[in-house]
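Q: Mind looking over this structure? Questions follow.
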Amino acid sequence: MKAIVIDRYGGPEELYEKDLPVPKVAADEALIETKATSINPIDWKTRRGYLKESFPWDFPVVLGWDIAGIVTEVGADVHEFKVGDEVFARPDMYNDGKRGTYAEYAAVKADKLVLKPQQLSFEQAAAIPLAGLTAWQVIVDRLKVKAGDKILVQAGAGGVGMFAIQIAKHFGAYVATTASAANEKLLRQLGADEVIDYHQTQITDVLRDYDAVFDTVGQISAGLEILKSDGQLVTIAGDPTEKQQNSHPAATSWWLKTNGAELKELANLVENNELRVVIDSIYPMTTSGLRSAHEKSETGHSHGKIVITTNER
Ligand SMILES: NC(=O)c1ccc[n+]([C@@H]2O[C@H](COP(=O)([O-])OP(=O)(O)OC[C@H]3O[C@@H](n4cnc5c(N)ncnc54)[C@H](OP(=O)(O)O)[C@@H]3O)[C@@H](O)[C@H]2O)c1
């Protein structure tokens with residue numbers, strides 16, 4: 001099968017197309033023909049080797065941790081899905097580094113798969129899993145946001161931020177977010193109550209007594225300053241110091257754990273028209289498509305999700 005791999009850490013030019021064997025399907029897995037995947041900042045961070053201590057992979061490495069596609073084979077123990085089902089997932093990560101989703105096929109554990117909501121294209125569905133699950137786990141599992149809470153979502157126009165705003169609104173929170181002024185209209189359409197232009201205004205000048213901060217940009221000290229004494233900050237973009245973790249308000253960090261049941265919750269929100277997918281751009285699953293998509297993500301200024309499609313473009 002065709003896959004886009006890297007043979008060593010480095011810039012986007014390290015991505016190239018290679019023939020690899022189609023993955024073998026274990027008893028608890030299904031083989032998915034990839035229709036779309038999406039880019040997350042972890043893709044280029046791992047490509048550059050920034051996380052090599054956490055992921056000691058063998059080259060060639062196949063990156064990519066979102067998939068939307070069609071089931072083409074199921075393992076002996078898989079009964080919930082059948083050949084032809086349209087599904088999406090954030091697959092598990094494996095120590096060999098060979099099972100990413102920049103590939104024509106991926107073998108995915110059935111408990112991570114969810115049927116794709118019919119109203120979503122494969123491209124829209126592939127935009128959800130990693131960023132959407134991260135947003136869900138921070139807003140729901142960690143911050144336990146409830147009706148009436150005031151929450152700040154940093155970088156509302158990012159892949160994670162756009163899902164986080166909508167999930168927090170679903171639970172009835174008052175949501176402030178930071179973004180460039182050009183994104184204010186879109187973020188208000190997604191439900192943001194207050195949009196702070198981070199180029200002009202410091203959050204510490206305009207927000208106070210917040211219940212929760214979802215930090216996606218590594219501004220832990222500023223986030224702690226705007227919280228109530230029993231408020232909570234969760235960051236996905238930094239490591240709070242011991243003092244910040246033990247202070248009141250407190251800061252902790254979070255690393256996504258893939259979870260099919262929670263992805264189903266996100267699919268339900270889509271089906272109830274409570275979760276919109278915003279796509280920044282779509283690139284083809286080719287060497288040049290992946291290189292351009294990585295370059296775009298690495299600017300840190302994409303708005304919504306960058307998606308890769310296997311359709312001819
Ligand atoms: N720990 C985990 O499990 C986990 C999971 C997912 C993501 N992450 C991390 O979380 C971070 C965000 O991920 P993402 O997918 O949302 O990234 P992304 O889509 O690349 O975010 C891009 C957005 O961030 C905005 N932005 C950049 N700097 C900003 C600032 N100082 N204030 C407000 N907005 C700012 C940009 O807006 P402008 O263009 O207007 O500047 C752009 O819209 C990344 O560092 C990623 O690696 C961690």
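By order of appearance in the structure tokens: chains A, B, ..., then residues from 1 within every chain, and ligands from 1 in the order shown.
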Step by step, measure atom-to-atom distances between ligand 1 and each residue using only C-alpha atoms and all ligand atoms, keep those at most 6 Å, then write them as a VMD selection string.

A: chain A and resid 40 to 42 131 134 154 to 155 157 to 161 178 to 180 198 216 to 217 236 to 237 254 to 256 297 300 to 304

Q: As number ranges by chain, which residues of segment 65-160 of chain A does DSSP assign to helix (DSSP H, G or I)?

A: A: 110-112, 122-126, 129-142, 159-160

Q: Taking only C-alpha atoms into account, which of A:Lys146, A:Arg47, A:Lys24, A:Lys52 comes nearest Gly10 of chain A?

A: A:Arg47

Q: If you run DSSP over the backbone, which residues in segment 171-225 of chain A end up strand (DSSP E)? Put them as an MDAnalysis selection string.

A: chainID A and resid 174:179 194:197 210:215

Q: Which residues come within 10 Å of Val5 of chain A, counting only C-alpha atoms, excluding same-chain residues fewer than 2 positions away, as an MDAnalysis selection string?

A: chainID A and resid 2:3 7:8 14:20 47 59:64 97:98 100 102:103 287 290

Q: Excluding same-chain residues fewer than 6 positions from Glu29 of chain A, what lies within 12 Å of it counting only C-alpha atoms, as a ChimeraX atom specification?

A: /A:23,71-82,91-92,106-113

Q: At a cut-off of 12 Å, using only C-alpha atoms, what residues contact segment 207-209 of chain A? Leave out same-chain residues fewer than 2 positions from it and give the result as an mmCIF file with all heavy atoms, in the first residue's frame.

A:
data_model
loop_
_atom_site.group_PDB
_atom_site.id
_atom_site.type_symbol
_atom_site.label_atom_id
_atom_site.label_comp_id
_atom_site.auth_asym_id
_atom_site.auth_seq_id
_atom_site.Cartn_x
_atom_site.Cartn_y
_atom_site.Cartn_z
ATOM 1 N N ASP A 149 -20.800 27.944 34.637
ATOM 2 C CA ASP A 149 -19.357 28.142 34.838
ATOM 3 C C ASP A 149 -18.824 29.130 33.810
ATOM 4 O O ASP A 149 -19.296 29.173 32.671
ATOM 5 C CB ASP A 149 -18.592 26.818 34.649
ATOM 6 C CG ASP A 149 -18.648 25.927 35.877
ATOM 7 O OD1 ASP A 149 -19.236 26.346 36.883
ATOM 8 O OD2 ASP A 149 -18.093 24.809 35.801
ATOM 9 N N LYS A 150 -17.813 29.887 34.240
ATOM 10 C CA LYS A 150 -17.119 30.760 33.293
ATOM 11 C C LYS A 150 -15.780 30.107 32.953
ATOM 12 O O LYS A 150 -14.978 29.810 33.849
ATOM 13 C CB LYS A 150 -16.888 32.140 33.914
ATOM 14 C CG LYS A 150 -18.194 32.939 34.024
ATOM 15 C CD LYS A 150 -18.060 34.096 34.963
ATOM 16 C CE LYS A 150 -17.426 35.293 34.290
ATOM 17 N NZ LYS A 150 -17.386 36.458 35.218
ATOM 18 N N ILE A 151 -15.582 29.862 31.639
ATOM 19 C CA ILE A 151 -14.347 29.210 31.208
ATOM 20 C C ILE A 151 -13.666 30.043 30.135
ATOM 21 O O ILE A 151 -14.339 30.629 29.281
ATOM 22 C CB ILE A 151 -14.613 27.769 30.693
ATOM 23 C CG1 ILE A 151 -13.299 27.132 30.191
ATOM 24 C CG2 ILE A 151 -15.667 27.700 29.614
ATOM 25 C CD1 ILE A 151 -13.398 25.657 29.877
ATOM 26 N N LEU A 152 -12.340 30.093 30.218
ATOM 27 C CA LEU A 152 -11.539 30.665 29.129
ATOM 28 C C LEU A 152 -10.958 29.522 28.319
ATOM 29 O O LEU A 152 -10.295 28.631 28.871
ATOM 30 C CB LEU A 152 -10.386 31.513 29.683
ATOM 31 C CG LEU A 152 -9.345 31.923 28.618
ATOM 32 C CD1 LEU A 152 -9.938 32.914 27.609
ATOM 33 C CD2 LEU A 152 -8.090 32.499 29.266
ATOM 34 N N VAL A 175 -18.453 31.225 27.813
ATOM 35 C CA VAL A 175 -17.139 30.933 27.233
ATOM 36 C C VAL A 175 -16.463 32.193 26.701
ATOM 37 O O VAL A 175 -16.990 32.875 25.816
ATOM 38 C CB VAL A 175 -17.260 29.914 26.072
ATOM 39 C CG1 VAL A 175 -15.884 29.628 25.464
ATOM 40 C CG2 VAL A 175 -17.895 28.622 26.550
ATOM 41 N N ALA A 176 -15.305 32.499 27.269
ATOM 42 C CA ALA A 176 -14.428 33.521 26.686
ATOM 43 C C ALA A 176 -13.327 32.796 25.934
ATOM 44 O O ALA A 176 -12.935 31.683 26.297
ATOM 45 C CB ALA A 176 -13.818 34.391 27.781
ATOM 46 N N THR A 177 -12.844 33.416 24.864
ATOM 47 C CA THR A 177 -11.768 32.780 24.102
ATOM 48 C C THR A 177 -10.810 33.824 23.567
ATOM 49 O O THR A 177 -11.188 34.996 23.428
ATOM 50 C CB THR A 177 -12.347 31.914 22.959
ATOM 51 O OG1 THR A 177 -11.312 31.087 22.425
ATOM 52 C CG2 THR A 177 -12.963 32.746 21.845
ATOM 53 N N THR A 178 -9.581 33.417 23.269
ATOM 54 C CA THR A 178 -8.597 34.319 22.671
ATOM 55 C C THR A 178 -8.410 33.949 21.208
ATOM 56 O O THR A 178 -8.401 32.763 20.848
ATOM 57 C CB THR A 178 -7.240 34.209 23.387
ATOM 58 O OG1 THR A 178 -6.853 32.832 23.431
ATOM 59 C CG2 THR A 178 -7.314 34.769 24.789
ATOM 60 N N GLU A 194 -17.442 35.780 24.468
ATOM 61 C CA GLU A 194 -16.499 36.893 24.532
ATOM 62 C C GLU A 194 -15.246 36.473 23.768
ATOM 63 O O GLU A 194 -14.731 35.383 24.001
ATOM 64 C CB GLU A 194 -16.147 37.104 26.013
ATOM 65 C CG GLU A 194 -15.651 38.458 26.355
ATOM 66 C CD GLU A 194 -15.579 38.613 27.901
ATOM 67 O OE1 GLU A 194 -16.371 37.974 28.631
ATOM 68 O OE2 GLU A 194 -14.704 39.354 28.334
ATOM 69 N N VAL A 195 -14.809 37.319 22.825
ATOM 70 C CA VAL A 195 -13.609 36.985 22.055
ATOM 71 C C VAL A 195 -12.575 38.069 22.306
ATOM 72 O O VAL A 195 -12.813 39.248 22.048
ATOM 73 C CB VAL A 195 -13.925 36.863 20.545
ATOM 74 C CG1 VAL A 195 -12.653 36.502 19.769
ATOM 75 C CG2 VAL A 195 -15.014 35.818 20.297
ATOM 76 N N ILE A 196 -11.436 37.667 22.842
ATOM 77 C CA ILE A 196 -10.374 38.620 23.201
ATOM 78 C C ILE A 196 -9.290 38.554 22.138
ATOM 79 O O ILE A 196 -8.724 37.481 21.896
ATOM 80 C CB ILE A 196 -9.800 38.254 24.590
ATOM 81 C CG1 ILE A 196 -10.911 38.387 25.628
ATOM 82 C CG2 ILE A 196 -8.606 39.133 24.939
ATOM 83 C CD1 ILE A 196 -10.713 37.489 26.808
ATOM 84 N N THR A 201 -4.915 42.677 23.629
ATOM 85 C CA THR A 201 -5.383 42.691 25.017
ATOM 86 C C THR A 201 -4.853 41.485 25.780
ATOM 87 O O THR A 201 -4.894 40.357 25.272
ATOM 88 C CB THR A 201 -6.941 42.645 25.022
ATOM 89 O OG1 THR A 201 -7.412 43.706 24.203
ATOM 90 C CG2 THR A 201 -7.511 42.798 26.418
ATOM 91 N N GLN A 202 -4.377 41.731 26.992
ATOM 92 C CA GLN A 202 -3.949 40.629 27.868
ATOM 93 C C GLN A 202 -5.174 40.066 28.585
ATOM 94 O O GLN A 202 -6.006 40.855 29.073
ATOM 95 C CB GLN A 202 -3.000 41.163 28.955
ATOM 96 C CG GLN A 202 -1.779 41.897 28.457
ATOM 97 C CD GLN A 202 -0.773 40.937 27.860
ATOM 98 O OE1 GLN A 202 -0.631 39.808 28.334
ATOM 99 N NE2 GLN A 202 -0.111 41.374 26.809
ATOM 100 N N ILE A 203 -5.256 38.758 28.719
ATOM 101 C CA ILE A 203 -6.408 38.180 29.430
ATOM 102 C C ILE A 203 -6.480 38.702 30.870
ATOM 103 O O ILE A 203 -7.559 38.901 31.420
ATOM 104 C CB ILE A 203 -6.404 36.626 29.417
ATOM 105 C CG1 ILE A 203 -5.078 36.065 29.944
ATOM 106 C CG2 ILE A 203 -6.732 36.082 28.050
ATOM 107 C CD1 ILE A 203 -5.121 34.562 30.240
ATOM 108 N N THR A 204 -5.321 38.951 31.457
ATOM 109 C CA THR A 204 -5.294 39.390 32.870
ATOM 110 C C THR A 204 -5.858 40.805 33.039
ATOM 111 O O THR A 204 -6.194 41.205 34.144
ATOM 112 C CB THR A 204 -3.856 39.342 33.410
ATOM 113 O OG1 THR A 204 -2.997 39.964 32.437
ATOM 114 C CG2 THR A 204 -3.394 37.920 33.632
ATOM 115 N N ASP A 205 -5.963 41.556 31.942
ATOM 116 C CA ASP A 205 -6.539 42.909 32.029
ATOM 117 C C ASP A 205 -8.064 42.889 31.962
ATOM 118 O O ASP A 205 -8.701 43.872 32.333
ATOM 119 C CB ASP A 205 -6.017 43.801 30.886
ATOM 120 C CG ASP A 205 -4.547 44.151 31.092
ATOM 121 O OD1 ASP A 205 -4.083 44.073 32.257
ATOM 122 O OD2 ASP A 205 -3.875 44.466 30.096
ATOM 123 N N ASP A 211 -13.970 30.150 36.561
ATOM 124 C CA ASP A 211 -14.003 28.814 37.165
ATOM 125 C C ASP A 211 -12.964 27.903 36.532
ATOM 126 O O ASP A 211 -12.472 26.970 37.182
ATOM 127 C CB ASP A 211 -15.384 28.175 36.959
ATOM 128 C CG ASP A 211 -16.475 28.984 37.617
ATOM 129 O OD1 ASP A 211 -16.587 28.914 38.847
ATOM 130 O OD2 ASP A 211 -17.191 29.724 36.891
ATOM 131 N N ALA A 212 -12.677 28.140 35.250
ATOM 132 C CA ALA A 212 -11.839 27.181 34.528
ATOM 133 C C ALA A 212 -11.072 27.869 33.407
ATOM 134 O O ALA A 212 -11.576 28.808 32.784
ATOM 135 C CB ALA A 212 -12.721 26.079 33.938
ATOM 136 N N VAL A 213 -9.866 27.384 33.173
ATOM 137 C CA VAL A 213 -9.075 27.812 32.014
ATOM 138 C C VAL A 213 -8.604 26.563 31.280
ATOM 139 O O VAL A 213 -8.049 25.647 31.891
ATOM 140 C CB VAL A 213 -7.851 28.657 32.438
ATOM 141 C CG1 VAL A 213 -6.914 28.877 31.240
ATOM 142 C CG2 VAL A 213 -8.280 30.002 33.016
ATOM 143 N N ALA A 222 -0.516 33.399 33.464
ATOM 144 C CA ALA A 222 -1.606 34.342 33.171
ATOM 145 C C ALA A 222 -2.955 33.657 33.399
ATOM 146 O O ALA A 222 -3.883 34.258 33.956
ATOM 147 C CB ALA A 222 -1.499 34.837 31.733
ATOM 148 N N GLY A 223 -3.068 32.388 32.995
ATOM 149 C CA GLY A 223 -4.324 31.659 33.193
ATOM 150 C C GLY A 223 -4.671 31.533 34.667
ATOM 151 O O GLY A 223 -5.819 31.740 35.070
ATOM 152 N N LEU A 224 -3.661 31.229 35.499
ATOM 153 C CA LEU A 224 -3.921 31.090 36.940
ATOM 154 C C LEU A 224 -4.391 32.410 37.544
ATOM 155 O O LEU A 224 -5.239 32.429 38.434
ATOM 156 C CB LEU A 224 -2.651 30.606 37.654
ATOM 157 C CG LEU A 224 -2.304 29.126 37.448
ATOM 158 C CD1 LEU A 224 -0.945 28.805 38.058
ATOM 159 C CD2 LEU A 224 -3.385 28.220 38.038
ATOM 160 N N GLU A 225 -3.872 33.511 37.003
ATOM 161 C CA GLU A 225 -4.231 34.840 37.557
ATOM 162 C C GLU A 225 -5.703 35.185 37.407
ATOM 163 O O GLU A 225 -6.230 35.977 38.173
ATOM 164 C CB GLU A 225 -3.421 35.923 36.823
ATOM 165 C CG GLU A 225 -2.229 36.416 37.582
ATOM 166 C CD GLU A 225 -1.633 37.642 36.911
ATOM 167 O OE1 GLU A 225 -2.270 38.704 36.893
ATOM 168 O OE2 GLU A 225 -0.518 37.504 36.386
ATOM 169 N N ILE A 226 -6.362 34.635 36.389
ATOM 170 C CA ILE A 226 -7.770 35.033 36.153
ATOM 171 C C ILE A 226 -8.765 34.099 36.843
ATOM 172 O O ILE A 226 -9.971 34.277 36.743
ATOM 173 C CB ILE A 226 -8.097 35.119 34.642
ATOM 174 C CG1 ILE A 226 -8.107 33.723 34.012
ATOM 175 C CG2 ILE A 226 -7.132 36.052 33.920
ATOM 176 C CD1 ILE A 226 -8.994 33.626 32.792
ATOM 177 N N LEU A 227 -8.232 33.068 37.548
ATOM 178 C CA LEU A 227 -9.128 32.073 38.150
ATOM 179 C C LEU A 227 -9.596 32.476 39.552
ATOM 180 O O LEU A 227 -8.886 33.183 40.281
ATOM 181 C CB LEU A 227 -8.408 30.733 38.260
ATOM 182 C CG LEU A 227 -8.264 29.913 36.976
ATOM 183 C CD1 LEU A 227 -7.337 28.718 37.225
ATOM 184 C CD2 LEU A 227 -9.623 29.428 36.483
ATOM 185 N N LYS A 228 -10.768 31.972 39.940
ATOM 186 C CA LYS A 228 -11.200 32.012 41.340
ATOM 187 C C LYS A 228 -10.256 31.134 42.165
ATOM 188 O O LYS A 228 -9.570 30.269 41.612
ATOM 189 C CB LYS A 228 -12.624 31.419 41.473
ATOM 190 C CG LYS A 228 -13.650 32.248 40.789
ATOM 191 C CD LYS A 228 -15.012 31.628 40.633
ATOM 192 C CE LYS A 228 -15.478 30.547 41.525
ATOM 193 N NZ LYS A 228 -16.868 30.139 41.199
ATOM 194 N N SER A 229 -10.299 31.272 43.496
ATOM 195 C CA SER A 229 -9.337 30.519 44.316
ATOM 196 C C SER A 229 -9.542 29.008 44.195
ATOM 197 O O SER A 229 -8.588 28.231 44.303
ATOM 198 C CB SER A 229 -9.430 30.942 45.778
ATOM 199 O OG SER A 229 -10.739 30.704 46.220
ATOM 200 N N ASP A 230 -10.784 28.568 43.909
ATOM 201 C CA ASP A 230 -10.986 27.120 43.728
ATOM 202 C C ASP A 230 -11.072 26.751 42.240
ATOM 203 O O ASP A 230 -11.544 25.671 41.891
ATOM 204 C CB ASP A 230 -12.243 26.650 44.466
ATOM 205 C CG ASP A 230 -13.504 27.346 43.969
ATOM 206 O OD1 ASP A 230 -13.376 28.346 43.210
ATOM 207 O OD2 ASP A 230 -14.614 26.901 44.330
ATOM 208 N N GLY A 231 -10.621 27.663 41.369
ATOM 209 C CA GLY A 231 -10.658 27.384 39.929
ATOM 210 C C GLY A 231 -9.577 26.404 39.514
ATOM 211 O O GLY A 231 -8.648 26.112 40.261
ATOM 212 N N GLN A 232 -9.717 25.876 38.288
ATOM 213 C CA GLN A 232 -8.788 24.858 37.769
ATOM 214 C C GLN A 232 -8.285 25.282 36.407
ATOM 215 O O GLN A 232 -9.072 25.754 35.577
ATOM 216 C CB GLN A 232 -9.522 23.529 37.574
ATOM 217 C CG GLN A 232 -9.981 22.854 38.837
ATOM 218 C CD GLN A 232 -8.823 22.239 39.588
ATOM 219 O OE1 GLN A 232 -7.891 21.718 38.982
ATOM 220 N NE2 GLN A 232 -8.878 22.329 40.900
ATOM 221 N N PRO A 249 -5.752 28.849 42.912
ATOM 222 C CA PRO A 249 -6.152 27.816 41.956
ATOM 223 C C PRO A 249 -4.969 26.972 41.472
ATOM 224 O O PRO A 249 -3.831 27.389 41.586
ATOM 225 C CB PRO A 249 -6.744 28.631 40.800
ATOM 226 C CG PRO A 249 -6.042 29.938 40.874
ATOM 227 C CD PRO A 249 -5.820 30.206 42.330
#

Q: Which one of A:Ile220, A:Ala147, A:Leu269, A:Val153 sits closest to Phe171 of chain A if you count only C-alpha atoms?

A: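 The shortest atom-to-atom distance to Phe171 of chain A comes from A:Ala147.
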
Q: Env of Pro56 of chain A: 9 Å cut, atoms = only C-alpha atoms, seq-sep filter 2 positions within chain, self excluded. Answer as a list in words.

A: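 Residues near the query, excluding close chain neighbours: Leu51, Lys52, Glu53, Ser54, Asp58, Asn95, Asp96 and Gly97 of chain A.
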
Q: What gap, in Å, lies between atom CA of Gln189 of chain A and atom CA of Lys305 of chain A?

A: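 Rounded to one decimal, the two atoms are 16.8 Å apart.
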
Q: Residues within 9 Å of Glu274 of chain A, please, as a PyMOL selection string. Count only C-alpha atoms; anything in the same chain fewer than 5 positions from it doesn't count.

A: chain A and resi 166-167+170+268-269
